[in-house]
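Colleague: Input model-v3.cif, format and content: mmCIF, C-alpha atoms.
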```cif
data_input
loop_
_atom_site.label_atom_id
_atom_site.label_comp_id
_atom_site.auth_asym_id
_atom_site.auth_seq_id
_atom_site.Cartn_x
_atom_site.Cartn_y
_atom_site.Cartn_z
CA MET A 1 0.00 0.00 0.00
CA ILE A 2 1.20 3.51 -0.80
CA PRO A 3 1.44 5.54 2.44
CA ASN A 4 -1.31 8.16 2.53
CA LYS A 5 1.02 10.88 3.78
CA TYR A 6 3.07 10.77 0.58
CA ILE A 7 -0.08 10.94 -1.55
CA THR A 8 -1.24 13.94 0.49
CA TRP A 9 2.10 15.75 0.27
CA GLY A 10 2.41 15.01 -3.43
CA ASN A 11 -1.09 16.22 -4.29
CA SER A 12 -0.82 19.33 -2.14
CA GLY A 13 2.19 20.48 -4.13
CA ALA A 14 4.24 23.57 -3.33
CA ILE A 15 2.34 26.81 -3.86
CA ILE A 16 5.51 28.73 -4.68
CA ARG A 17 6.49 26.45 -7.55
CA GLU A 18 2.90 26.24 -8.77
CA LEU A 19 2.79 30.03 -9.04
CA ALA A 20 6.16 30.08 -10.80
CA ALA A 21 4.90 27.49 -13.29
CA TYR A 22 1.85 29.65 -13.93
CA GLY A 23 4.15 32.62 -14.52
CA ALA A 24 6.16 30.68 -17.08
CA GLN A 25 2.97 29.77 -18.98
CA ARG A 26 1.65 33.32 -18.73
CA ALA A 27 4.95 34.66 -20.11
CA LYS A 28 4.44 32.59 -23.26
CA ALA A 29 1.07 34.26 -23.76
CA VAL A 30 1.87 37.91 -23.06
CA GLY A 31 5.67 38.03 -23.20
CA PRO A 32 8.09 37.60 -20.29
CA GLU A 33 8.62 41.34 -20.02
CA ASN A 34 4.94 41.73 -19.09
CA VAL A 35 4.91 39.19 -16.27
CA TYR A 36 6.26 40.37 -12.91
CA ASP A 37 7.19 37.10 -11.26
CA PHE A 38 8.37 37.51 -7.65
CA THR A 39 7.65 33.96 -6.49
CA ILE A 40 10.84 31.89 -6.21
CA GLY A 41 13.80 32.84 -4.04
CA SER A 42 16.42 31.80 -6.57
CA PRO A 43 19.62 33.87 -6.69
CA SER A 44 19.96 36.18 -9.70
CA ILE A 45 23.62 37.08 -9.14
CA GLU A 46 26.31 34.95 -10.74
CA PRO A 47 28.66 33.01 -8.43
CA PRO A 48 31.79 34.82 -7.23
CA LYS A 49 34.85 34.72 -9.49
CA LYS A 50 36.72 32.90 -6.72
CA PHE A 51 34.29 29.99 -6.96
CA LEU A 52 34.31 29.86 -10.76
CA ASP A 53 38.11 29.97 -10.82
CA THR A 54 38.29 27.25 -8.18
CA VAL A 55 36.05 24.90 -10.17
CA ASP A 56 38.08 25.61 -13.30
CA GLU A 57 41.33 24.86 -11.46
CA LEU A 58 39.95 21.63 -10.00
CA MET A 59 38.87 20.49 -13.45
CA LYS A 60 42.38 21.13 -14.76
CA THR A 61 44.48 19.78 -11.91
CA VAL A 62 42.56 16.90 -10.32
CA SER A 63 42.14 13.64 -12.19
CA PRO A 64 38.58 13.12 -13.46
CA ILE A 65 38.31 9.81 -11.62
CA GLU A 66 39.26 11.41 -8.30
CA LEU A 67 37.17 14.53 -8.90
CA HIS A 68 33.97 12.70 -9.79
CA THR A 69 34.22 9.68 -7.51
CA TYR A 70 31.94 8.91 -4.59
CA ALA A 71 32.67 10.95 -1.50
CA PRO A 72 32.34 9.30 1.93
CA ALA A 73 28.75 9.31 3.17
CA ALA A 74 29.27 12.19 5.63
CA GLY A 75 31.59 14.14 3.34
CA LEU A 76 35.28 14.41 2.57
CA GLU A 77 37.38 14.57 5.73
CA SER A 78 39.46 17.45 4.37
CA VAL A 79 36.31 19.44 3.65
CA ARG A 80 34.75 18.72 7.05
CA LYS A 81 38.02 19.78 8.67
CA ALA A 82 37.97 23.04 6.70
CA VAL A 83 34.36 23.76 7.65
CA ALA A 84 35.02 23.01 11.33
CA GLY A 85 38.05 25.30 11.28
CA TYR A 86 36.13 28.09 9.58
CA LEU A 87 33.32 27.96 12.13
CA ALA A 88 35.78 27.93 15.03
CA ASP A 89 37.75 30.89 13.64
CA SER A 90 34.63 32.88 12.72
CA PHE A 91 32.39 32.26 15.72
CA GLY A 92 34.53 30.78 18.49
CA VAL A 93 32.78 27.40 18.68
CA GLU A 94 35.34 24.58 18.53
CA TYR A 95 33.81 22.05 16.16
CA SER A 96 35.69 18.91 15.13
CA PRO A 97 35.49 17.41 11.62
CA ASP A 98 33.28 14.64 13.01
CA ASP A 99 30.72 17.27 14.08
CA ILE A 100 30.22 18.23 10.43
CA TYR A 101 27.99 16.36 7.97
CA MET A 102 28.03 17.57 4.36
CA THR A 103 24.56 17.78 2.83
CA HIS A 104 22.65 18.42 -0.36
CA GLY A 105 21.88 22.01 0.61
CA ALA A 106 20.06 23.11 3.75
CA SER A 107 16.96 21.12 2.81
CA SER A 108 18.60 17.75 3.33
CA ALA A 109 20.38 19.07 6.44
CA LEU A 110 16.98 19.92 7.92
CA ALA A 111 15.39 16.64 6.90
CA ILE A 112 18.32 14.70 8.39
CA ILE A 113 18.54 16.50 11.71
CA LEU A 114 14.78 16.49 12.32
CA ALA A 115 14.68 12.77 11.60
CA ALA A 116 17.62 12.32 13.96
CA LEU A 117 16.17 14.35 16.84
CA LEU A 118 12.43 13.68 16.73
CA SER A 119 10.69 10.58 18.04
CA GLU A 120 7.12 9.64 17.19
CA GLY A 121 4.64 12.00 18.83
CA GLU A 122 7.14 14.69 19.82
CA ASP A 123 6.68 18.37 19.00
CA ALA A 124 8.85 20.67 16.92
CA LEU A 125 8.10 24.35 17.46
CA VAL A 126 8.75 26.89 14.73
CA LEU A 127 8.71 30.68 14.81
CA ALA A 128 6.15 31.91 12.27
CA PRO A 129 6.43 32.98 9.51
CA TYR A 130 8.49 30.02 8.33
CA PHE A 131 9.56 28.00 5.29
CA PRO A 132 6.60 25.67 4.55
CA GLU A 133 8.71 22.56 3.94
CA TYR A 134 9.51 22.41 7.67
CA LYS A 135 6.12 20.81 8.19
CA ILE A 136 6.95 18.02 5.73
CA TYR A 137 10.32 17.32 7.36
CA VAL A 138 8.78 17.21 10.84
CA GLU A 139 5.86 14.99 9.88
CA GLN A 140 8.14 12.64 7.94
CA ALA A 141 10.05 12.17 11.21
CA GLY A 142 6.81 11.35 13.06
CA GLY A 143 6.64 14.67 14.86
CA ARG A 144 4.07 17.46 15.05
CA LEU A 145 4.79 21.03 13.95
CA ILE A 146 3.60 23.75 16.34
CA GLU A 147 3.55 27.35 15.11
CA VAL A 148 4.68 30.16 17.41
CA PRO A 149 3.60 33.63 16.21
CA CYS A 150 6.15 36.43 16.37
CA ASP A 151 5.49 39.98 17.52
CA ALA A 152 4.66 42.90 15.23
CA ASP A 153 8.35 43.45 14.45
CA PHE A 154 8.87 39.76 13.68
CA GLN A 155 11.02 39.29 16.75
CA THR A 156 10.26 36.48 19.21
CA ASP A 157 7.10 36.68 21.28
CA LEU A 158 8.48 34.99 24.39
CA ASP A 159 5.09 34.65 26.04
CA ALA A 160 3.70 32.89 22.97
CA LEU A 161 6.74 30.63 22.86
CA GLU A 162 6.51 29.71 26.54
CA LYS A 163 2.81 28.88 26.22
CA ARG A 164 3.56 26.36 23.49
CA LEU A 165 6.45 24.64 25.23
CA THR A 166 5.43 21.32 26.79
CA PRO A 167 7.19 18.14 27.94
CA LYS A 168 6.63 16.85 24.38
CA THR A 169 8.74 19.66 22.91
CA SER A 170 11.96 18.30 21.47
CA VAL A 171 12.99 20.94 18.91
CA LEU A 172 12.67 24.64 18.15
CA ILE A 173 13.39 25.61 14.53
CA ILE A 174 14.78 29.12 14.01
CA ASN A 175 15.36 30.70 10.59
CA SER A 176 17.27 33.99 10.71
CA PRO A 177 17.59 35.94 8.45
CA ASN A 178 14.03 34.90 7.88
CA ASN A 179 12.26 33.60 4.83
CA PRO A 180 9.74 35.20 4.16
CA SER A 181 9.94 38.36 6.30
CA GLY A 182 13.62 39.28 5.93
CA ALA A 183 13.76 39.84 9.70
CA VAL A 184 16.94 39.07 11.66
CA LEU A 185 16.65 37.90 15.25
CA SER A 186 18.46 40.26 17.58
CA GLU A 187 21.09 39.09 20.05
CA SER A 188 18.74 39.96 22.89
CA SER A 189 16.07 37.73 21.34
CA VAL A 190 18.52 34.84 20.98
CA LYS A 191 19.66 35.23 24.60
CA ALA A 192 16.09 35.34 25.87
CA ILE A 193 15.14 32.23 23.89
CA SER A 194 18.22 30.42 25.23
CA GLU A 195 17.37 31.28 28.84
CA LEU A 196 13.77 30.14 28.39
CA LEU A 197 14.72 26.83 26.76
CA ASN A 198 17.36 26.07 29.39
CA ARG A 199 14.82 26.71 32.13
CA LYS A 200 12.15 24.56 30.50
CA ALA A 201 14.61 21.76 29.68
CA ALA A 202 15.59 21.60 33.35
CA GLU A 203 11.91 21.51 34.31
CA TYR A 204 11.07 18.75 31.82
CA GLY A 205 14.20 16.70 32.46
CA HIS A 206 15.30 16.48 28.83
CA PRO A 207 17.08 18.78 26.36
CA ILE A 208 15.25 21.01 23.90
CA TYR A 209 17.34 21.43 20.77
CA ILE A 210 17.45 24.46 18.50
CA VAL A 211 17.76 23.72 14.80
CA ALA A 212 19.23 26.91 13.33
CA ASP A 213 18.46 27.17 9.60
CA GLU A 214 20.74 29.86 8.18
CA PRO A 215 21.11 29.78 4.38
CA TYR A 216 20.79 33.60 4.31
CA ARG A 217 23.40 34.37 6.98
CA GLU A 218 25.59 36.51 4.71
CA LEU A 219 22.68 38.33 3.05
CA VAL A 220 22.27 41.21 5.51
CA TYR A 221 22.28 44.94 4.89
CA GLY A 222 23.76 47.96 6.61
CA ASP A 223 25.31 47.27 10.00
CA ILE A 224 23.04 44.34 10.84
CA GLU A 225 24.76 41.38 12.51
CA VAL A 226 23.38 37.85 12.70
CA PRO A 227 23.98 36.22 16.10
CA PHE A 228 25.56 32.77 15.79
CA ILE A 229 23.08 30.78 17.86
CA PRO A 230 25.44 27.89 18.81
CA ALA A 231 27.61 30.49 20.59
CA PHE A 232 24.66 31.31 22.86
CA TYR A 233 22.90 27.96 23.22
CA ASP A 234 24.84 24.71 23.52
CA ASN A 235 22.04 22.43 22.30
CA THR A 236 22.05 23.86 18.79
CA ILE A 237 22.43 22.06 15.48
CA TYR A 238 23.44 24.50 12.77
CA CYS A 239 22.22 24.01 9.17
CA TYR A 240 23.84 25.92 6.33
CA SER A 241 23.69 26.10 2.54
CA PHE A 242 26.01 27.69 -0.01
CA SER A 243 23.04 28.22 -2.34
CA LYS A 244 22.62 31.90 -1.47
CA SER A 245 26.08 33.00 -0.33
CA LEU A 246 27.72 31.60 -3.48
CA SER A 247 24.64 31.63 -5.77
CA LEU A 248 24.72 27.84 -6.16
CA PRO A 249 21.14 26.61 -5.65
CA GLY A 250 21.48 24.03 -8.41
CA GLU A 251 24.64 22.45 -7.01
CA ARG A 252 22.91 21.44 -3.73
CA ILE A 253 25.82 21.87 -1.34
CA GLY A 254 25.60 22.60 2.38
CA TYR A 255 26.29 21.07 5.78
CA LEU A 256 25.02 20.60 9.30
CA ALA A 257 27.13 21.07 12.41
CA VAL A 258 26.40 19.40 15.75
CA SER A 259 27.46 21.59 18.65
CA PRO A 260 30.41 20.02 20.51
CA LYS A 261 28.64 20.97 23.75
CA ALA A 262 25.25 19.48 22.85
CA GLU A 263 23.70 16.99 25.27
CA ALA A 264 23.87 13.42 23.92
CA HIS A 265 26.43 14.74 21.46
CA ASP A 266 27.77 11.34 20.39
CA ASP A 267 24.28 9.90 19.99
CA ILE A 268 23.22 12.87 17.84
CA ARG A 269 26.22 12.41 15.56
CA ALA A 270 25.43 8.72 15.21
CA ALA A 271 21.75 9.50 14.56
CA VAL A 272 22.70 12.05 11.89
CA ASN A 273 24.77 9.43 10.10
CA GLY A 274 21.92 6.94 10.39
CA ALA A 275 19.24 9.40 9.25
CA GLY A 276 21.34 10.49 6.28
CA ARG A 277 21.75 6.86 5.30
CA ALA A 278 18.05 6.07 5.74
CA LEU A 279 16.93 9.11 3.75
CA GLY A 280 19.51 8.63 1.03
CA TYR A 281 21.24 11.96 1.72
CA VAL A 282 24.82 10.73 1.43
CA CYS A 283 27.90 11.28 -0.73
CA VAL A 284 27.52 14.94 -1.70
CA SER A 285 29.29 15.90 -4.96
CA THR A 286 33.04 15.53 -4.51
CA MET A 287 33.86 18.37 -6.88
CA PHE A 288 31.52 20.88 -5.24
CA GLN A 289 32.62 19.90 -1.76
CA LEU A 290 36.22 20.65 -2.73
CA ALA A 291 35.23 23.93 -4.37
CA ALA A 292 33.09 25.07 -1.45
CA ALA A 293 35.89 24.31 1.01
CA GLN A 294 38.12 26.78 -0.82
CA CYS A 295 35.40 29.45 -0.78
CA LEU A 296 34.44 29.46 2.90
CA GLY A 297 33.65 33.05 3.85
CA VAL A 298 33.37 34.16 0.23
CA THR A 299 30.08 35.83 -0.68
CA VAL A 300 28.44 37.20 -3.79
CA ASP A 301 28.21 40.97 -4.18
CA ILE A 302 24.89 41.62 -2.45
CA SER A 303 24.77 45.30 -3.41
CA LYS A 304 22.41 44.37 -6.26
CA TYR A 305 20.03 42.77 -3.80
CA ASP A 306 20.32 45.83 -1.57
CA ASN A 307 19.43 48.14 -4.48
CA ASN A 308 16.41 45.96 -5.24
CA ARG A 309 15.42 45.91 -1.58
CA LEU A 310 15.43 49.68 -1.28
CA LEU A 311 13.66 50.20 -4.62
CA ALA A 312 10.87 47.73 -3.82
CA TYR A 313 10.44 48.80 -0.21
CA THR A 314 10.52 52.56 -0.83
CA SER A 315 8.29 52.43 -3.91
CA LEU A 316 5.59 50.29 -2.33
CA LYS A 317 5.64 52.29 0.91
CA ASP A 318 5.22 55.50 -1.09
CA MET A 319 2.17 53.95 -2.79
CA GLY A 320 0.62 53.31 0.60
CA PHE A 321 1.40 49.63 1.12
CA ALA A 322 2.51 48.58 4.60
CA CYS A 323 5.72 46.53 4.36
CA VAL A 324 8.20 45.01 6.76
CA LYS A 325 11.59 46.58 5.99
CA PRO A 326 13.87 43.56 5.54
CA ASP A 327 17.26 43.50 7.24
CA GLY A 328 18.33 40.29 5.51
CA ALA A 329 17.59 37.62 2.90
CA PHE A 330 15.94 38.84 -0.34
CA TYR A 331 12.23 39.02 0.46
CA LEU A 332 9.78 41.84 1.07
CA PHE A 333 6.75 40.98 3.23
CA ILE A 334 3.77 43.11 2.20
CA LYS A 335 0.68 43.50 4.36
CA ALA A 336 -2.56 42.82 2.47
CA PRO A 337 -4.48 46.13 2.65
CA ASP A 338 -7.73 44.45 3.73
CA GLY A 339 -6.09 41.59 5.63
CA ASP A 340 -7.00 39.02 2.97
CA SER A 341 -3.68 37.78 1.60
CA GLN A 342 -5.29 35.28 -0.76
CA GLY A 343 -7.55 37.93 -2.28
CA PHE A 344 -4.65 40.39 -2.45
CA CYS A 345 -2.51 37.91 -4.38
CA ARG A 346 -5.40 37.13 -6.75
CA LYS A 347 -5.87 40.83 -7.50
CA ALA A 348 -2.13 41.17 -8.05
CA MET A 349 -2.19 38.19 -10.39
CA GLU A 350 -4.84 39.93 -12.52
CA LYS A 351 -2.16 42.54 -13.19
CA ASP A 352 0.46 39.84 -13.85
CA ILE A 353 2.15 40.49 -10.50
CA LEU A 354 2.94 37.12 -8.92
CA LEU A 355 3.31 37.08 -5.14
CA VAL A 356 3.09 34.25 -2.61
CA PRO A 357 0.33 34.53 0.03
CA GLY A 358 1.59 34.58 3.60
CA ASP A 359 -0.76 31.72 4.50
CA ALA A 360 1.86 29.40 2.96
CA PHE A 361 4.31 30.61 5.61
CA GLY A 362 1.98 30.39 8.60
CA CYS A 363 1.34 34.13 8.49
CA PRO A 364 -2.01 35.07 6.90
CA GLY A 365 -2.53 38.70 5.99
CA TYR A 366 0.80 39.15 4.22
CA ALA A 367 2.29 38.37 0.82
CA ARG A 368 5.92 37.60 -0.02
CA LEU A 369 7.78 39.36 -2.83
CA ALA A 370 11.15 37.82 -3.74
CA TYR A 371 13.34 40.67 -4.97
CA CYS A 372 16.21 38.46 -6.14
CA VAL A 373 15.29 39.43 -9.71
CA SER A 374 16.54 42.02 -12.16
CA ASN A 375 16.20 45.63 -11.07
CA GLU A 376 14.43 46.22 -14.37
CA ARG A 377 11.66 43.75 -13.46
CA ILE A 378 10.94 45.65 -10.27
CA ARG A 379 10.86 48.99 -12.12
CA ARG A 380 8.57 47.63 -14.84
CA SER A 381 6.18 46.28 -12.19
CA LEU A 382 5.70 49.60 -10.38
CA PRO A 383 2.87 50.95 -12.59
CA ALA A 384 0.97 47.69 -12.03
CA PHE A 385 1.53 47.98 -8.27
CA LYS A 386 0.31 51.59 -8.44
CA THR A 387 -2.90 50.44 -10.10
CA LEU A 388 -3.29 47.77 -7.43
CA ALA A 389 -2.81 50.36 -4.69
CA GLU A 390 -5.46 52.59 -6.24
CA GLU A 391 -7.94 49.70 -6.31
CA TYR A 392 -7.51 49.42 -2.56
CA GLY A 393 -7.89 53.17 -2.13
CA LEU A 394 -4.36 53.64 -0.79
#
```
Using structure tokens, write down the structure from this file.
Modeller:
Amino acid sequence: MIPNKYITWGNSGAIIRELAAYGAQRAKAVGPENVYDFTIGSPSIEPPKKFLDTVDELMKTVSPIELHTYAPAAGLESVRKAVAGYLADSFGVEYSPDDIYMTHGASSALAIILAALLSEGEDALVLAPYFPEYKIYVEQAGGRLIEVPCDADFQTDLDALEKRLTPKTSVLIINSPNNPSGAVLSESSVKAISELLNRKAAEYGHPIYIVADEPYRELVYGDIEVPFIPAFYDNTIYCYSFSKSLSLPGERIGYLAVSPKAEAHDDIRAAVNGAGRALGYVCVSTMFQLAAAQCLGVTVDISKYDNNRLLAYTSLKDMGFACVKPDGAFYLFIKAPDGDSQGFCRKAMEKDILLVPGDAFGCPGYARLAYCVSNERIRRSLPAFKTLAEEYGL
């Protein structure tokens, strides 16, 4: 028998990709220049020269058999050593190579660690708004996803978090910089969360782990700093992807790092290896592991994203839309003027503006605009947004 959960997940689809597919079809009908697709958060900046040169050098200097062979299940030891050293030097947390597990982007890192940490019937809390695939990863592991609303500034509502913590809570998922709001958790928020979880873990008699999902860590603007959660909370598993920092979403390269101070540290590492094996997330591309290891700390030029951020935010605010000014990532969260995000996105679609309703992210009443597109697309869309604003009487 085919498990019902897979049928359900498969039929439900992913609203973001469904909207993008609609946009592609619509572009054939009216021309791509007349469709303002802001649905998918796919980088629009080419990878850094350092990465391109590194791949070119590897292709020239490493034998094809060695370069394209199977890597060990958890990743190349030299690469895991480089990642551990980079994290220690950058954030002061002394990881060992065995604490690092190379993954197919952050998605497989999340699927692996949630499968490793969650037992049947346990709860995983998530700060809303959040990436919708978290629910799939949690339910696949036998857990239950519990949403925790944030405050009006998209910082942590500690009272709401405490009310949802129970003895069944095993995990708290944190995504900062946040998809879809662009908000960055402050250091004071991280410290307050850490104190609350430590207190509750002592009360319940078991650890509560933070899974820190940070593919947008380097995409921050101005003087904003992203607190490194494992430096504040020992029971943290850190998940990272090079998809955004190096503009490599198609190469599927990332890693997870188990805190050396985590409770049941050795068991978690063993469970990660077992979960990766069970889920088939093993043997990440040898070539891209080697290339990524030489580009640790390298980042694309995000000034283009910053220009897009300011253009979209300022223009829509001037039209009367209420928006959350993003400090990181490459998303603008727009408040639906009448509170109906679904209706707002339908009206936008009538003008060939494609946005993702906030309901998909556990935050009704908002819509996500991904501004990782050409600056020209944003500029061309502004008259259509102006018409939309006028329809709402803004």
Colleague: Counting all atoms listed in the file, what are the residues of stretch 126-153 of chain A within 12 Å of stretch 275-283 of chain A, and for each of them which pair of atoms is the nearest and at what distance in Å, to one decimal? Sort the table by chain and rising number, as JSON lines.
Modeller:
```
{"residue": "A:Tyr137", "atom": "CA", "partner": "A:Leu279", "partner_atom": "CA", "distance": 11.1}
{"residue": "A:Gln140", "atom": "CA", "partner": "A:Leu279", "partner_atom": "CA", "distance": 10.4}
{"residue": "A:Ala141", "atom": "CA", "partner": "A:Ala275", "partner_atom": "CA", "distance": 9.8}
```
Colleague: Determine the nearest neighbour of A:Ile113 from the options A:Glu46, A:Asp37, A:Asp213, A:Glu195, counting only C-alpha atoms.
Modeller: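 Of all the options, A:Asp213 lies closest to A:Ile113.
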Colleague: Using the chain letters and numbers from the file, give me the residues hit by the PyMOL selection byres ((chain A and resi 290-299) around 6), as a list in words.
Modeller: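 Going through the file, the PyMOL selection byres ((chain A and resi 290-299) around 6) ends up selecting Thr54, Val55, Val79, Ser245, Leu246, Met287, Phe288, Gln289 and Val300 of chain A.
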Colleague: Excluding same-chain residues fewer than 4 positions from A:Ile353, what lies within 9 Å of it counting only C-alpha atoms, as a ChimeraX atom specification?
Modeller: /A:35-38,345,347-349,381,384-385
Colleague: Could you please take those selected residues and save C-alpha atoms as a JSON list (two decimals), in the coordinates of the input?
Modeller:
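Done, and the output landed in part_6.json:
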```
[["chain", "number", "residue", "atom", "x", "y", "z"],
["A", 35, "VAL", "CA", 4.91, 39.19, -16.27],
["A", 36, "TYR", "CA", 6.26, 40.37, -12.91],
["A", 37, "ASP", "CA", 7.19, 37.10, -11.26],
["A", 38, "PHE", "CA", 8.37, 37.51, -7.65],
["A", 345, "CYS", "CA", -2.51, 37.91, -4.38],
["A", 347, "LYS", "CA", -5.87, 40.83, -7.50],
["A", 348, "ALA", "CA", -2.13, 41.17, -8.05],
["A", 349, "MET", "CA", -2.19, 38.19, -10.39],
["A", 381, "SER", "CA", 6.18, 46.28, -12.19],
["A", 384, "ALA", "CA", 0.97, 47.69, -12.03],
["A", 385, "PHE", "CA", 1.53, 47.98, -8.27]]
```
Colleague: Expanded to explicit residues, what is the PyMOL selection byres ((chain A and resi 354) around 12) for this file, as a VMD selection string?
Modeller: chain A and resid 15 to 24 26 to 27 34 to 40 342 344 to 353 355 to 357 367 to 371 377 to 378 381 384 to 385
Colleague: Using all atoms listed in the file, which of the listed residues (A:Ile112, A:Leu316, A:Cys323, A:Leu185) sits closest to A:Asp151?
Modeller: A:Leu185
Colleague: Translate the PyMOL selection byres ((chain A and resi 192) around 12), as applied to the file shown, into an explicit residue set as a list in words.
Modeller: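 Given this file, the PyMOL selection byres ((chain A and resi 192) around 12) evaluates to Gln155, Thr156, Asp157, Leu158, Asp159, Leu161, Glu162, Leu185, Ser186, Glu187, Ser188, Ser189, Val190, Lys191, Ile193, Ser194, Glu195, Leu196, Leu197, Asn198, Arg199, Ile229, Phe232 and Tyr233 of chain A.
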Colleague: Could the residues in this selection be saved with C-alpha atoms as a short mmCIF file (atom, residue, chain, number, x, y, z; two decimals), in the coordinates of the input?
Modeller:
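Final file, selection.cif:
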```cif
data_model
loop_
_atom_site.label_atom_id
_atom_site.label_comp_id
_atom_site.auth_asym_id
_atom_site.auth_seq_id
_atom_site.Cartn_x
_atom_site.Cartn_y
_atom_site.Cartn_z
CA GLN A 155 11.02 39.29 16.75
CA THR A 156 10.26 36.48 19.21
CA ASP A 157 7.10 36.68 21.28
CA LEU A 158 8.48 34.99 24.39
CA ASP A 159 5.09 34.65 26.04
CA LEU A 161 6.74 30.63 22.86
CA GLU A 162 6.51 29.71 26.54
CA LEU A 185 16.65 37.90 15.25
CA SER A 186 18.46 40.26 17.58
CA GLU A 187 21.09 39.09 20.05
CA SER A 188 18.74 39.96 22.89
CA SER A 189 16.07 37.73 21.34
CA VAL A 190 18.52 34.84 20.98
CA LYS A 191 19.66 35.23 24.60
CA ILE A 193 15.14 32.23 23.89
CA SER A 194 18.22 30.42 25.23
CA GLU A 195 17.37 31.28 28.84
CA LEU A 196 13.77 30.14 28.39
CA LEU A 197 14.72 26.83 26.76
CA ASN A 198 17.36 26.07 29.39
CA ARG A 199 14.82 26.71 32.13
CA ILE A 229 23.08 30.78 17.86
CA PHE A 232 24.66 31.31 22.86
CA TYR A 233 22.90 27.96 23.22
#
```
Colleague: Could you check how far atom CA of A:Ser243 sits from atom CA of A:Gly105, in Å to one decimal?
Modeller: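 Atom-to-atom, atom CA of A:Ser243 to atom CA of A:Gly105, that is 7.0 Å.
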Colleague: Will you give me stretch 28-33 of chain A, written with all heavy atoms and laid out as a PDB file, in the first residue's frame?
Modeller:
```pdb
ATOM      1  N   LYS A  28       4.558  33.025 -21.869  1.00  0.00           N
ATOM      2  CA  LYS A  28       4.442  32.594 -23.264  1.00  0.00           C
ATOM      3  C   LYS A  28       3.287  33.297 -23.961  1.00  0.00           C
ATOM      4  O   LYS A  28       3.328  33.532 -25.169  1.00  0.00           O
ATOM      5  CB  LYS A  28       4.242  31.073 -23.326  1.00  0.00           C
ATOM      6  CG  LYS A  28       5.440  30.261 -22.853  1.00  0.00           C
ATOM      7  CD  LYS A  28       5.131  28.765 -22.891  1.00  0.00           C
ATOM      8  CE  LYS A  28       6.311  27.948 -22.380  1.00  0.00           C
ATOM      9  NZ  LYS A  28       5.997  26.492 -22.361  1.00  0.00           N
ATOM     10  N   ALA A  29       2.263  33.642 -23.183  1.00  0.00           N
ATOM     11  CA  ALA A  29       1.070  34.260 -23.764  1.00  0.00           C
ATOM     12  C   ALA A  29       1.226  35.764 -23.960  1.00  0.00           C
ATOM     13  O   ALA A  29       0.799  36.309 -24.988  1.00  0.00           O
ATOM     14  CB  ALA A  29      -0.147  33.969 -22.886  1.00  0.00           C
ATOM     15  N   VAL A  30       1.818  36.437 -22.987  1.00  0.00           N
ATOM     16  CA  VAL A  30       1.868  37.911 -23.059  1.00  0.00           C
ATOM     17  C   VAL A  30       3.283  38.460 -23.172  1.00  0.00           C
ATOM     18  O   VAL A  30       3.462  39.677 -23.282  1.00  0.00           O
ATOM     19  CB  VAL A  30       1.162  38.529 -21.836  1.00  0.00           C
ATOM     20  CG1 VAL A  30      -0.279  38.076 -21.759  1.00  0.00           C
ATOM     21  CG2 VAL A  30       1.899  38.195 -20.545  1.00  0.00           C
ATOM     22  N   GLY A  31       4.280  37.585 -23.134  1.00  0.00           N
ATOM     23  CA  GLY A  31       5.672  38.028 -23.195  1.00  0.00           C
ATOM     24  C   GLY A  31       6.270  38.115 -21.810  1.00  0.00           C
ATOM     25  O   GLY A  31       5.611  38.635 -20.886  1.00  0.00           O
ATOM     26  N   PRO A  32       7.481  37.614 -21.627  1.00  0.00           N
ATOM     27  CA  PRO A  32       8.085  37.601 -20.289  1.00  0.00           C
ATOM     28  C   PRO A  32       8.273  38.985 -19.699  1.00  0.00           C
ATOM     29  O   PRO A  32       8.274  39.139 -18.471  1.00  0.00           O
ATOM     30  CB  PRO A  32       9.433  36.899 -20.523  1.00  0.00           C
ATOM     31  CG  PRO A  32       9.692  37.020 -21.992  1.00  0.00           C
ATOM     32  CD  PRO A  32       8.358  37.019 -22.649  1.00  0.00           C
ATOM     33  N   GLU A  33       8.425  39.990 -20.549  1.00  0.00           N
ATOM     34  CA  GLU A  33       8.624  41.343 -20.020  1.00  0.00           C
ATOM     35  C   GLU A  33       7.348  41.902 -19.382  1.00  0.00           C
ATOM     36  O   GLU A  33       7.398  42.914 -18.660  1.00  0.00           O
ATOM     37  CB  GLU A  33       9.097  42.280 -21.141  1.00  0.00           C
ATOM     38  CG  GLU A  33       8.052  42.638 -22.182  1.00  0.00           C
ATOM     39  CD  GLU A  33       7.853  41.564 -23.246  1.00  0.00           C
ATOM     40  OE1 GLU A  33       8.476  40.474 -23.137  1.00  0.00           O
ATOM     41  OE2 GLU A  33       7.087  41.816 -24.200  1.00  0.00           O
TER      42      GLU A  33
END
```
